[in-house]
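What's in input02.cif: mmCIF, C-alpha atoms and all ligand atoms
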```
data_data
loop_
_atom_site.group_PDB
_atom_site.id
_atom_site.type_symbol
_atom_site.label_atom_id
_atom_site.label_comp_id
_atom_site.auth_asym_id
_atom_site.auth_seq_id
_atom_site.Cartn_x
_atom_site.Cartn_y
_atom_site.Cartn_z
ATOM 1 C CA MET I 1 14.250 6.225 -14.954
ATOM 2 C CA SER I 2 11.970 9.022 -16.079
ATOM 3 C CA PRO I 3 10.865 11.021 -13.062
ATOM 4 C CA ALA I 4 7.956 12.433 -15.002
ATOM 5 C CA SER I 5 6.480 9.143 -16.150
ATOM 6 C CA LEU I 6 3.590 9.278 -13.674
ATOM 7 C CA VAL I 7 2.522 12.744 -14.794
ATOM 8 C CA GLY I 8 -1.168 12.729 -15.622
ATOM 9 C CA LYS I 9 -1.822 9.402 -13.878
ATOM 10 C CA THR I 10 -4.298 8.990 -11.062
ATOM 11 C CA ALA I 11 -3.111 6.892 -8.121
ATOM 12 C CA VAL I 12 -5.322 5.683 -5.274
ATOM 13 C CA ILE I 13 -3.442 4.829 -2.089
ATOM 14 C CA THR I 14 -5.269 3.192 0.791
ATOM 15 C CA GLY I 15 -3.923 3.665 4.292
ATOM 16 C CA ALA I 16 -2.574 7.022 3.157
ATOM 17 C CA THR I 17 -3.050 9.040 6.337
ATOM 18 C CA ARG I 18 0.257 8.048 7.891
ATOM 19 C CA GLY I 19 3.279 5.775 7.804
ATOM 20 C CA ILE I 20 4.079 3.869 4.638
ATOM 21 C CA GLY I 21 0.861 4.832 2.814
ATOM 22 C CA PHE I 22 1.469 8.551 3.340
ATOM 23 C CA ALA I 23 5.077 8.244 2.185
ATOM 24 C CA ILE I 24 3.871 6.430 -0.944
ATOM 25 C CA ALA I 25 1.311 9.152 -1.644
ATOM 26 C CA GLN I 26 3.975 11.827 -1.292
ATOM 27 C CA ARG I 27 6.379 9.971 -3.541
ATOM 28 C CA LEU I 28 3.872 9.261 -6.311
ATOM 29 C CA ALA I 29 2.841 12.932 -6.158
ATOM 30 C CA LEU I 30 6.496 13.889 -6.482
ATOM 31 C CA GLU I 31 6.591 11.773 -9.634
ATOM 32 C CA GLY I 32 3.699 13.802 -11.043
ATOM 33 C CA ALA I 33 0.689 11.598 -10.242
ATOM 34 C CA SER I 34 -2.569 13.000 -8.997
ATOM 35 C CA VAL I 35 -3.146 11.069 -5.803
ATOM 36 C CA VAL I 36 -6.305 10.027 -4.022
ATOM 37 C CA LEU I 37 -5.608 9.501 -0.340
ATOM 38 C CA ALA I 38 -7.954 6.895 1.117
ATOM 39 C CA ALA I 39 -8.434 5.797 4.725
ATOM 40 C CA ARG I 40 -11.212 5.805 7.317
ATOM 41 C CA THR I 41 -10.737 9.087 9.156
ATOM 42 C CA VAL I 42 -11.692 12.284 7.322
ATOM 43 C CA SER I 43 -9.823 14.632 9.686
ATOM 44 C CA LYS I 44 -6.625 12.626 9.278
ATOM 45 C CA LEU I 45 -7.091 12.517 5.504
ATOM 46 C CA GLU I 46 -7.473 16.279 5.404
ATOM 47 C CA ALA I 47 -4.377 16.739 7.557
ATOM 48 C CA ALA I 48 -2.400 14.381 5.306
ATOM 49 C CA ARG I 49 -3.482 16.185 2.156
ATOM 50 C CA SER I 50 -2.593 19.599 3.496
ATOM 51 C CA LYS I 51 0.797 18.301 4.595
ATOM 52 C CA MET I 52 1.352 17.094 1.025
ATOM 53 C CA GLN I 53 0.507 20.428 -0.498
ATOM 54 C CA LEU I 54 2.804 22.329 1.833
ATOM 55 C CA GLY I 55 6.221 22.616 0.298
ATOM 56 C CA ILE I 56 6.313 19.297 -1.492
ATOM 57 C CA PRO I 57 7.684 19.754 -5.002
ATOM 58 C CA LEU I 58 5.295 17.780 -7.134
ATOM 59 C CA VAL I 59 7.462 17.383 -10.190
ATOM 60 C CA ALA I 60 10.956 16.063 -9.670
ATOM 61 C CA GLY I 61 13.500 18.305 -11.308
ATOM 62 C CA SER I 62 11.242 21.324 -11.662
ATOM 63 C CA GLU I 63 12.735 24.487 -10.235
ATOM 64 C CA LYS I 64 9.551 25.756 -8.709
ATOM 65 C CA PRO I 65 7.371 23.422 -6.659
ATOM 66 C CA GLU I 66 4.212 23.248 -8.671
ATOM 67 C CA VAL I 67 0.894 21.533 -8.058
ATOM 68 C CA LEU I 68 0.133 19.922 -11.395
ATOM 69 C CA GLN I 69 -3.115 18.343 -10.388
ATOM 70 C CA PRO I 70 -4.980 18.607 -7.124
ATOM 71 C CA HIS I 71 -4.802 15.682 -4.759
ATOM 72 C CA SER I 72 -8.019 14.423 -3.296
ATOM 73 C CA ILE I 73 -9.173 12.479 -0.283
ATOM 74 C CA PHE I 74 -11.683 9.679 -0.095
ATOM 75 C CA PRO I 75 -13.012 8.292 3.185
ATOM 76 C CA LEU I 76 -12.899 4.523 2.755
ATOM 77 C CA ASN I 77 -13.093 1.514 4.998
ATOM 78 C CA VAL I 78 -11.411 -1.087 2.804
ATOM 79 C CA ARG I 79 -13.592 -3.806 4.377
ATOM 80 C CA GLU I 80 -16.700 -2.361 2.759
ATOM 81 C CA GLU I 81 -17.560 -3.112 -0.846
ATOM 82 C CA LYS I 82 -19.931 -0.160 -1.150
ATOM 83 C CA GLY I 83 -17.096 2.240 -0.305
ATOM 84 C CA TRP I 84 -14.956 0.808 -3.103
ATOM 85 C CA LYS I 85 -17.904 1.116 -5.514
ATOM 86 C CA SER I 86 -18.318 4.797 -4.624
ATOM 87 C CA LEU I 87 -14.583 5.307 -5.031
ATOM 88 C CA VAL I 88 -14.614 4.084 -8.638
ATOM 89 C CA GLU I 89 -17.755 6.103 -9.387
ATOM 90 C CA ASP I 90 -16.094 9.271 -8.099
ATOM 91 C CA HIS I 91 -12.769 8.479 -9.768
ATOM 92 C CA PRO I 92 -13.459 6.960 -13.195
ATOM 93 C CA LYS I 93 -9.841 7.065 -14.396
ATOM 94 C CA ILE I 94 -7.684 5.216 -11.883
ATOM 95 C CA ASP I 95 -4.301 4.173 -13.283
ATOM 96 C CA ILE I 96 -2.581 2.975 -10.099
ATOM 97 C CA LEU I 97 -3.946 1.326 -6.963
ATOM 98 C CA VAL I 98 -1.756 0.788 -3.911
ATOM 99 C CA ASN I 99 -3.414 -1.467 -1.347
ATOM 100 C CA CYS I 100 -1.534 -0.284 1.719
ATOM 101 C CA ALA I 101 -4.209 -0.093 4.438
ATOM 102 C CA GLY I 102 -3.480 -2.634 7.097
ATOM 103 C CA MET I 103 -3.563 -3.446 10.770
ATOM 104 C CA ALA I 104 -1.332 -5.429 13.069
ATOM 105 C CA GLN I 105 -2.120 -8.426 15.257
ATOM 106 C CA LYS I 106 -2.004 -7.716 18.957
ATOM 107 C CA SER I 107 -2.072 -11.138 20.602
ATOM 108 C CA LEU I 108 -1.509 -14.845 20.288
ATOM 109 C CA LEU I 109 -4.059 -16.745 18.198
ATOM 110 C CA VAL I 110 -5.585 -18.585 21.149
ATOM 111 C CA ARG I 111 -6.315 -15.256 22.856
ATOM 112 C CA MET I 112 -8.015 -13.692 19.848
ATOM 113 C CA SER I 113 -11.780 -13.456 19.610
ATOM 114 C CA GLU I 114 -13.573 -14.463 16.436
ATOM 115 C CA GLY I 115 -14.297 -10.771 15.845
ATOM 116 C CA GLN I 116 -10.627 -9.797 16.097
ATOM 117 C CA ILE I 117 -9.630 -12.544 13.662
ATOM 118 C CA GLN I 118 -12.365 -11.525 11.239
ATOM 119 C CA GLU I 119 -11.388 -7.849 11.373
ATOM 120 C CA LEU I 120 -7.760 -8.621 10.596
ATOM 121 C CA VAL I 121 -8.710 -10.833 7.649
ATOM 122 C CA ASP I 122 -11.290 -8.312 6.429
ATOM 123 C CA VAL I 123 -8.945 -5.327 6.495
ATOM 124 C CA ASN I 124 -5.654 -6.884 5.393
ATOM 125 C CA LEU I 125 -6.820 -9.490 2.904
ATOM 126 C CA HIS I 126 -10.451 -9.032 1.962
ATOM 127 C CA GLY I 127 -9.889 -5.263 1.625
ATOM 128 C CA ALA I 128 -7.072 -5.863 -0.857
ATOM 129 C CA ILE I 129 -9.176 -8.413 -2.746
ATOM 130 C CA LEU I 130 -12.062 -5.939 -3.012
ATOM 131 C CA GLY I 131 -9.720 -3.215 -4.252
ATOM 132 C CA CYS I 132 -8.202 -5.533 -6.863
ATOM 133 C CA LYS I 133 -11.665 -6.594 -7.981
ATOM 134 C CA ILE I 134 -13.461 -3.271 -8.134
ATOM 135 C CA VAL I 135 -10.632 -1.023 -9.308
ATOM 136 C CA GLY I 136 -9.385 -3.852 -11.564
ATOM 137 C CA LYS I 137 -12.810 -4.034 -13.209
ATOM 138 C CA GLN I 138 -12.659 -0.309 -13.963
ATOM 139 C CA MET I 139 -9.131 -0.666 -15.355
ATOM 140 C CA ILE I 140 -10.220 -3.551 -17.594
ATOM 141 C CA SER I 141 -13.196 -1.628 -18.946
ATOM 142 C CA ARG I 142 -11.083 1.478 -19.642
ATOM 143 C CA ARG I 143 -8.662 -0.623 -21.736
ATOM 144 C CA ARG I 144 -5.724 1.560 -20.752
ATOM 145 C CA GLY I 145 -3.855 -0.893 -18.575
ATOM 146 C CA GLY I 146 -2.935 -0.035 -15.031
ATOM 147 C CA CYS I 147 -0.877 -1.064 -12.063
ATOM 148 C CA ILE I 148 -1.901 -2.567 -8.732
ATOM 149 C CA ILE I 149 0.571 -2.817 -5.868
ATOM 150 C CA ASN I 150 -0.258 -4.862 -2.782
ATOM 151 C CA VAL I 151 1.732 -4.011 0.333
ATOM 152 C CA SER I 152 2.391 -7.416 1.872
ATOM 153 C CA SER I 153 5.017 -8.147 4.546
ATOM 154 C CA LEU I 154 8.041 -10.333 5.168
ATOM 155 C CA LEU I 155 5.900 -11.999 7.823
ATOM 156 C CA ALA I 156 3.982 -13.559 4.901
ATOM 157 C CA LEU I 157 7.012 -15.772 4.392
ATOM 158 C CA ARG I 158 8.540 -15.699 7.872
ATOM 159 C CA GLY I 159 5.657 -15.595 10.315
ATOM 160 C CA SER I 160 6.659 -15.516 13.946
ATOM 161 C CA ILE I 161 5.027 -15.955 17.340
ATOM 162 C CA GLY I 162 2.054 -13.638 17.727
ATOM 163 C CA THR I 163 1.677 -12.910 14.012
ATOM 164 C CA SER I 164 -0.252 -15.958 12.750
ATOM 165 C CA VAL I 165 -3.367 -14.281 11.338
ATOM 166 C CA TYR I 166 -1.450 -11.224 10.119
ATOM 167 C CA ALA I 167 1.060 -13.534 8.394
ATOM 168 C CA ALA I 168 -1.774 -15.507 6.804
ATOM 169 C CA THR I 169 -3.394 -12.344 5.431
ATOM 170 C CA LYS I 170 -0.092 -11.098 4.036
ATOM 171 C CA ALA I 171 0.648 -14.493 2.460
ATOM 172 C CA GLY I 172 -2.836 -14.304 0.966
ATOM 173 C CA GLN I 173 -1.917 -10.985 -0.647
ATOM 174 C CA LEU I 174 1.041 -12.657 -2.340
ATOM 175 C CA GLY I 175 -1.212 -15.425 -3.708
ATOM 176 C CA LEU I 176 -3.640 -12.771 -4.905
ATOM 177 C CA THR I 177 -0.836 -10.876 -6.626
ATOM 178 C CA THR I 178 0.567 -13.868 -8.497
ATOM 179 C CA ALA I 179 -2.839 -15.092 -9.679
ATOM 180 C CA LEU I 180 -3.972 -11.638 -10.803
ATOM 181 C CA SER I 181 -0.708 -10.865 -12.558
ATOM 182 C CA GLN I 182 -1.859 -13.533 -15.018
ATOM 183 C CA GLU I 183 -5.599 -12.841 -14.941
ATOM 184 C CA TYR I 184 -5.138 -9.077 -15.415
ATOM 185 C CA GLY I 185 -1.802 -9.133 -17.259
ATOM 186 C CA ARG I 186 -3.533 -9.850 -20.538
ATOM 187 C CA TYR I 187 -5.325 -6.491 -20.167
ATOM 188 C CA GLY I 188 -2.047 -4.674 -19.612
ATOM 189 C CA ILE I 189 -2.730 -4.372 -15.896
ATOM 190 C CA ARG I 190 0.379 -5.173 -13.873
ATOM 191 C CA VAL I 191 -0.072 -6.631 -10.389
ATOM 192 C CA ASN I 192 2.885 -6.494 -8.031
ATOM 193 C CA ALA I 193 3.647 -6.779 -4.339
ATOM 194 C CA LEU I 194 5.978 -5.145 -1.889
ATOM 195 C CA VAL I 195 7.389 -7.271 0.890
ATOM 196 C CA PRO I 196 8.715 -4.867 3.524
ATOM 197 C CA GLY I 197 10.596 -6.072 6.555
ATOM 198 C CA TYR I 198 10.439 -3.855 9.653
ATOM 199 C CA VAL I 199 9.730 -0.211 8.894
ATOM 200 C CA HIS I 200 9.462 2.743 11.295
ATOM 201 C CA SER I 201 5.774 3.635 11.679
ATOM 202 C CA ASP I 202 3.004 3.718 14.264
ATOM 203 C CA MET I 203 2.583 -0.016 13.646
ATOM 204 C CA THR I 204 6.093 -0.857 14.837
ATOM 205 C CA ARG I 205 6.602 1.913 17.415
ATOM 206 C CA ASP I 206 5.862 -0.216 20.456
ATOM 207 C CA LEU I 207 7.378 -3.541 19.407
ATOM 208 C CA ALA I 208 8.711 -5.137 22.560
ATOM 209 C CA ASP I 209 11.603 -6.973 20.917
ATOM 210 C CA LYS I 210 12.926 -4.087 18.770
ATOM 211 C CA ASP I 211 16.600 -4.391 19.779
ATOM 212 C CA GLU I 212 16.570 -8.126 19.167
ATOM 213 C CA LEU I 213 15.000 -7.617 15.735
ATOM 214 C CA ILE I 214 17.563 -4.982 14.753
ATOM 215 C CA GLU I 215 20.313 -7.388 15.725
ATOM 216 C CA ARG I 216 18.909 -9.914 13.193
ATOM 217 C CA ILE I 217 18.647 -7.452 10.291
ATOM 218 C CA PRO I 218 21.854 -7.497 8.194
ATOM 219 C CA LEU I 219 21.707 -3.699 7.765
ATOM 220 C CA ARG I 220 21.152 -3.351 11.558
ATOM 221 C CA ARG I 221 18.243 -0.952 11.308
ATOM 222 C CA PHE I 222 14.552 -0.690 10.533
ATOM 223 C CA GLY I 223 13.648 0.742 7.155
ATOM 224 C CA ASN I 224 12.070 4.136 6.593
ATOM 225 C CA ALA I 225 8.695 4.621 4.956
ATOM 226 C CA ASP I 226 10.403 6.673 2.230
ATOM 227 C CA GLU I 227 12.475 3.643 1.265
ATOM 228 C CA VAL I 228 9.310 1.582 0.760
ATOM 229 C CA ALA I 229 7.789 4.483 -1.176
ATOM 230 C CA ASP I 230 10.830 4.500 -3.460
ATOM 231 C CA ALA I 231 10.241 0.814 -4.271
ATOM 232 C CA THR I 232 6.575 1.593 -4.933
ATOM 233 C CA ALA I 233 7.527 4.264 -7.466
ATOM 234 C CA PHE I 234 9.730 1.712 -9.223
ATOM 235 C CA LEU I 235 6.854 -0.778 -9.487
ATOM 236 C CA ALA I 236 4.439 1.924 -10.649
ATOM 237 C CA LYS I 237 6.776 3.084 -13.398
ATOM 238 C CA ASN I 238 8.500 -0.046 -14.678
ATOM 239 C CA GLU I 239 6.319 -1.267 -17.526
ATOM 240 C CA TYR I 240 7.716 -4.804 -17.419
ATOM 241 C CA ALA I 241 7.199 -5.342 -13.701
ATOM 242 C CA ASN I 242 4.345 -7.825 -13.332
ATOM 243 C CA ASN I 243 4.208 -10.357 -10.477
ATOM 244 C CA CYS I 244 7.276 -8.556 -9.185
ATOM 245 C CA ILE I 245 7.443 -9.509 -5.509
ATOM 246 C CA LEU I 246 9.854 -6.927 -4.217
ATOM 247 C CA HIS I 247 11.614 -7.461 -0.893
ATOM 248 C CA ILE I 248 12.615 -4.302 0.900
ATOM 249 C CA ASP I 249 13.852 -5.525 4.240
ATOM 250 C CA GLY I 250 17.505 -4.629 4.846
ATOM 251 C CA GLY I 251 18.433 -8.227 4.046
ATOM 252 C CA LEU I 252 16.277 -9.832 6.739
ATOM 253 C CA SER I 253 14.818 -12.249 4.171
ATOM 254 C CA ALA I 254 18.298 -13.703 3.680
ATOM 255 C CA VAL I 255 18.877 -14.797 7.276
HETATM 256 N N1 LIG I 301 5.480 -0.895 9.447
HETATM 257 C C1 LIG I 301 6.030 -2.068 9.110
HETATM 258 O O1 LIG I 301 7.069 -2.488 9.626
HETATM 259 C C2 LIG I 301 5.403 -2.888 8.012
HETATM 260 C C3 LIG I 301 6.113 -3.990 7.529
HETATM 261 C C4 LIG I 301 5.567 -4.763 6.514
HETATM 262 C C5 LIG I 301 4.328 -4.431 5.988
HETATM 263 N N2 LIG I 301 3.657 -3.371 6.484
HETATM 264 C C6 LIG I 301 2.350 -3.077 5.902
HETATM 265 O O2 LIG I 301 2.380 -1.775 5.353
HETATM 266 C C7 LIG I 301 1.080 -1.182 5.430
HETATM 267 C C8 LIG I 301 1.180 0.168 6.120
HETATM 268 O O3 LIG I 301 1.730 -0.032 7.404
HETATM 269 P P1 LIG I 301 2.135 1.165 8.374
HETATM 270 O O4 LIG I 301 3.212 0.649 9.234
HETATM 271 O O5 LIG I 301 2.316 2.411 7.608
HETATM 272 O O6 LIG I 301 0.797 1.247 9.262
HETATM 273 P P2 LIG I 301 0.132 2.428 10.096
HETATM 274 O O7 LIG I 301 1.112 3.516 10.354
HETATM 275 O O8 LIG I 301 -0.542 1.773 11.235
HETATM 276 O O9 LIG I 301 -0.980 2.999 9.074
HETATM 277 C C9 LIG I 301 -2.072 2.217 8.720
HETATM 278 C C10 LIG I 301 -2.927 2.973 7.723
HETATM 279 O O10 LIG I 301 -4.025 2.143 7.325
HETATM 280 C C11 LIG I 301 -5.247 2.857 7.500
HETATM 281 N N3 LIG I 301 -6.304 1.883 7.795
HETATM 282 C C12 LIG I 301 -6.342 1.011 8.829
HETATM 283 N N4 LIG I 301 -7.471 0.282 8.758
HETATM 284 C C13 LIG I 301 -8.139 0.703 7.653
HETATM 285 C C14 LIG I 301 -9.378 0.338 7.047
HETATM 286 N N5 LIG I 301 -10.160 -0.609 7.573
HETATM 287 N N6 LIG I 301 -9.753 0.979 5.912
HETATM 288 C C15 LIG I 301 -8.974 1.944 5.381
HETATM 289 N N7 LIG I 301 -7.799 2.335 5.905
HETATM 290 C C16 LIG I 301 -7.398 1.717 7.040
HETATM 291 C C17 LIG I 301 -4.941 3.856 8.612
HETATM 292 O O11 LIG I 301 -5.770 5.013 8.563
HETATM 293 P P3 LIG I 301 -7.151 5.174 9.378
HETATM 294 O O12 LIG I 301 -6.894 4.608 10.732
HETATM 295 O O13 LIG I 301 -7.417 6.638 9.341
HETATM 296 O O14 LIG I 301 -8.150 4.393 8.586
HETATM 297 C C18 LIG I 301 -3.511 4.258 8.269
HETATM 298 O O15 LIG I 301 -3.527 5.233 7.251
HETATM 299 C C19 LIG I 301 0.202 -2.193 6.162
HETATM 300 O O16 LIG I 301 -0.509 -2.958 5.224
HETATM 301 C C20 LIG I 301 1.206 -3.065 6.887
HETATM 302 O O17 LIG I 301 0.701 -4.353 7.132
HETATM 303 C C21 LIG I 301 4.142 -2.580 7.478
#
```
Represent the structure of the file as structure tokens.
Ligand SMILES: NC(=O)c1ccc[n+]([C@@H]2O[C@H](COP(=O)([O-])OP(=O)(O)OC[C@H]3O[C@@H](n4cnc5c(N)ncnc54)[C@H](OP(=O)(O)O)[C@@H]3O)[C@@H](O)[C@H]2O)c1
Amino acid sequence: MSPASLVGKTAVITGATRGIGFAIAQRLALEGASVVLAARTVSKLEAARSKMQLGIPLVAGSEKPEVLQPHSIFPLNVREEKGWKSLVEDHPKIDILVNCAGMAQKSLLVRMSEGQIQELVDVNLHGAILGCKIVGKQMISRRRGGCIINVSSLLALRGSIGTSVYAATKAGQLGLTTALSQEYGRYGIRVNALVPGYVHSDMTRDLADKDELIERIPLRRFGNADEVADATAFLAKNEYANNCILHIDGGLSAV
């Protein structure tokens, strides 16, 4: 594994203000990429960027922490096509896209309003589709290949009570990944997906059945965002990873 293989690459990470997305941004920066942090809230984006530039060594193995390329922020609501279009105009050389922005489902299907269902589908699935389309189009026209990573979820394959729409959106991301790995693969653009189990973040902080879930996980713990970020770096760097659907779940997918 060459820690410097992302040097000079530009990586856009959606949902990068906190949790898994922020850990991914930090990790790809550590590998030498210039990262574009994207999410809705400018103040949170600014806070995330300044946290990255404080004491994070940007090149693994270098003695002195060094900022190779500046990291930037981009306010983006992944639901909105015009935001994605501005993103590619402002950043004409995107090498890596990580579709990590996402939201959780808060109630049973029968209690959800049409608006709540639509929002979940728009953010988790349609947002990823728009990113794949608009950034993918730029990657195709640049003719320099690229890598897209969709952050799905184990619930895509193992939906449970209270997760129906979320599970459907995450399963949709897997379908998107497999189809595009063929459609884009011929342009040297690799399309992969991460399938995390339960990971410590704001999204999982208040889960009511946490102890019960931990009991079911073979490794008896939730994952850390850094562990998902590590898997992301692997997918970004491994030139033969295409349609690689990578489980990172402490073994929960086996039970
Ligand atoms: N945590 C887990 O156990 C787990 C497991 C499997 C998969 N995942 C998936 O991993 C991803 C990250 O999860 P997380 O736990 O890190 O979540 P999180 O802590 O809740 O962070 C969500 C991120 O998405 C951004 N976001 C939300 N809606 C957005 C929108 N419409 N447009 C742009 N950005 C938006 C948020 O920033 P703003 O609010 O500032 O926009 C934030 O940066 C999600 O796709 C989630 O489904 C999580």
Cut-off 8 Å, only C-alpha atoms and all ligand atoms, neighbours of ligand LIG 301 (chain I) as a count of residues only
51
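Coordinates place atom CA of I:Ile96 at a distance of 8.3 Å from atom CA of I:Ile13.
If you look at atom CA of I:Cys132 and atom CA of I:Ile148, they are 7.2 Å away from each other.
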Within 12 Å of I:Ile189 using only C-alpha atoms, minus same-chain residues under 5 positions, as a ChimeraX atom specification
/I:94-97,132,135-149,177,180-184,236,239-243
Counting all atoms listed in the file, write as a PDB file with C-alpha atoms, in the frame of the given file all protein and nucleic acid residues lying at most 8 Å from (-0.9, 15.0, -11.6) in the file's frame.
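Everything below was put into selection.pdb:
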```pdb
ATOM      1  CA  LEU I   6       3.590   9.278 -13.674  1.00  0.00           C
ATOM      2  CA  VAL I   7       2.522  12.744 -14.794  1.00  0.00           C
ATOM      3  CA  GLY I   8      -1.168  12.729 -15.622  1.00  0.00           C
ATOM      4  CA  LYS I   9      -1.822   9.402 -13.878  1.00  0.00           C
ATOM      5  CA  THR I  10      -4.298   8.990 -11.062  1.00  0.00           C
ATOM      6  CA  ALA I  29       2.841  12.932  -6.158  1.00  0.00           C
ATOM      7  CA  GLY I  32       3.699  13.802 -11.043  1.00  0.00           C
ATOM      8  CA  ALA I  33       0.689  11.598 -10.242  1.00  0.00           C
ATOM      9  CA  SER I  34      -2.569  13.000  -8.997  1.00  0.00           C
ATOM     10  CA  VAL I  35      -3.146  11.069  -5.803  1.00  0.00           C
ATOM     11  CA  VAL I  67       0.894  21.533  -8.058  1.00  0.00           C
ATOM     12  CA  LEU I  68       0.133  19.922 -11.395  1.00  0.00           C
ATOM     13  CA  GLN I  69      -3.115  18.343 -10.388  1.00  0.00           C
ATOM     14  CA  PRO I  70      -4.980  18.607  -7.124  1.00  0.00           C
ATOM     15  CA  HIS I  71      -4.802  15.682  -4.759  1.00  0.00           C
TER      16      HIS I  71
END
```
Using 9 Å as the limit and counting only C-alpha atoms, can you tabulate each residue of stretch 83-138 of chain I that touches stretch 156-163 of chain I, with its shortest atom-to-atom distance in Å and the two atoms involved, as a tab-separated table?
```
residue	atom	partner	partner_atom	distance
I:Ala104	CA	I:Thr163	CA	8.1
I:Gln105	CA	I:Thr163	CA	6.0
I:Lys106	CA	I:Gly162	CA	7.3
I:Ser107	CA	I:Gly162	CA	5.6
I:Leu108	CA	I:Gly162	CA	4.6
I:Leu109	CA	I:Gly162	CA	6.9
```
Output stretch 102-113 of chain I with N, CA and C atoms present, as an mmCIF file, keeping the file's coordinate frame.
```cif
data_model
loop_
_atom_site.group_PDB
_atom_site.id
_atom_site.type_symbol
_atom_site.label_atom_id
_atom_site.label_comp_id
_atom_site.auth_asym_id
_atom_site.auth_seq_id
_atom_site.Cartn_x
_atom_site.Cartn_y
_atom_site.Cartn_z
ATOM 1 N N GLY I 102 -3.708 -1.378 6.396
ATOM 2 C CA GLY I 102 -3.480 -2.634 7.097
ATOM 3 C C GLY I 102 -3.478 -2.419 8.587
ATOM 4 N N MET I 103 -3.638 -3.520 9.307
ATOM 5 C CA MET I 103 -3.563 -3.446 10.770
ATOM 6 C C MET I 103 -2.740 -4.614 11.292
ATOM 7 N N ALA I 104 -2.202 -4.411 12.482
ATOM 8 C CA ALA I 104 -1.332 -5.429 13.069
ATOM 9 C C ALA I 104 -2.136 -6.358 13.977
ATOM 10 N N GLN I 105 -1.519 -7.468 14.313
ATOM 11 C CA GLN I 105 -2.120 -8.426 15.257
ATOM 12 C C GLN I 105 -1.569 -8.113 16.640
ATOM 13 N N LYS I 106 -2.468 -8.149 17.635
ATOM 14 C CA LYS I 106 -2.004 -7.716 18.957
ATOM 15 C C LYS I 106 -1.800 -8.841 19.946
ATOM 16 N N SER I 107 -2.257 -10.064 19.612
ATOM 17 C CA SER I 107 -2.072 -11.138 20.602
ATOM 18 C C SER I 107 -1.938 -12.505 19.943
ATOM 19 N N LEU I 108 -1.638 -13.463 20.766
ATOM 20 C CA LEU I 108 -1.509 -14.845 20.288
ATOM 21 C C LEU I 108 -2.859 -15.335 19.764
ATOM 22 N N LEU I 109 -2.820 -16.270 18.828
ATOM 23 C CA LEU I 109 -4.059 -16.745 18.198
ATOM 24 C C LEU I 109 -5.082 -17.228 19.229
ATOM 25 N N VAL I 110 -4.625 -18.003 20.200
ATOM 26 C CA VAL I 110 -5.585 -18.585 21.149
ATOM 27 C C VAL I 110 -6.273 -17.520 22.003
ATOM 28 N N ARG I 111 -5.704 -16.335 22.054
ATOM 29 C CA ARG I 111 -6.315 -15.256 22.856
ATOM 30 C C ARG I 111 -7.189 -14.329 22.014
ATOM 31 N N MET I 112 -7.240 -14.591 20.715
ATOM 32 C CA MET I 112 -8.015 -13.692 19.848
ATOM 33 C C MET I 112 -9.470 -14.126 19.776
ATOM 34 N N SER I 113 -10.360 -13.143 19.789
ATOM 35 C CA SER I 113 -11.780 -13.456 19.610
ATOM 36 C C SER I 113 -12.035 -13.658 18.110
#
```
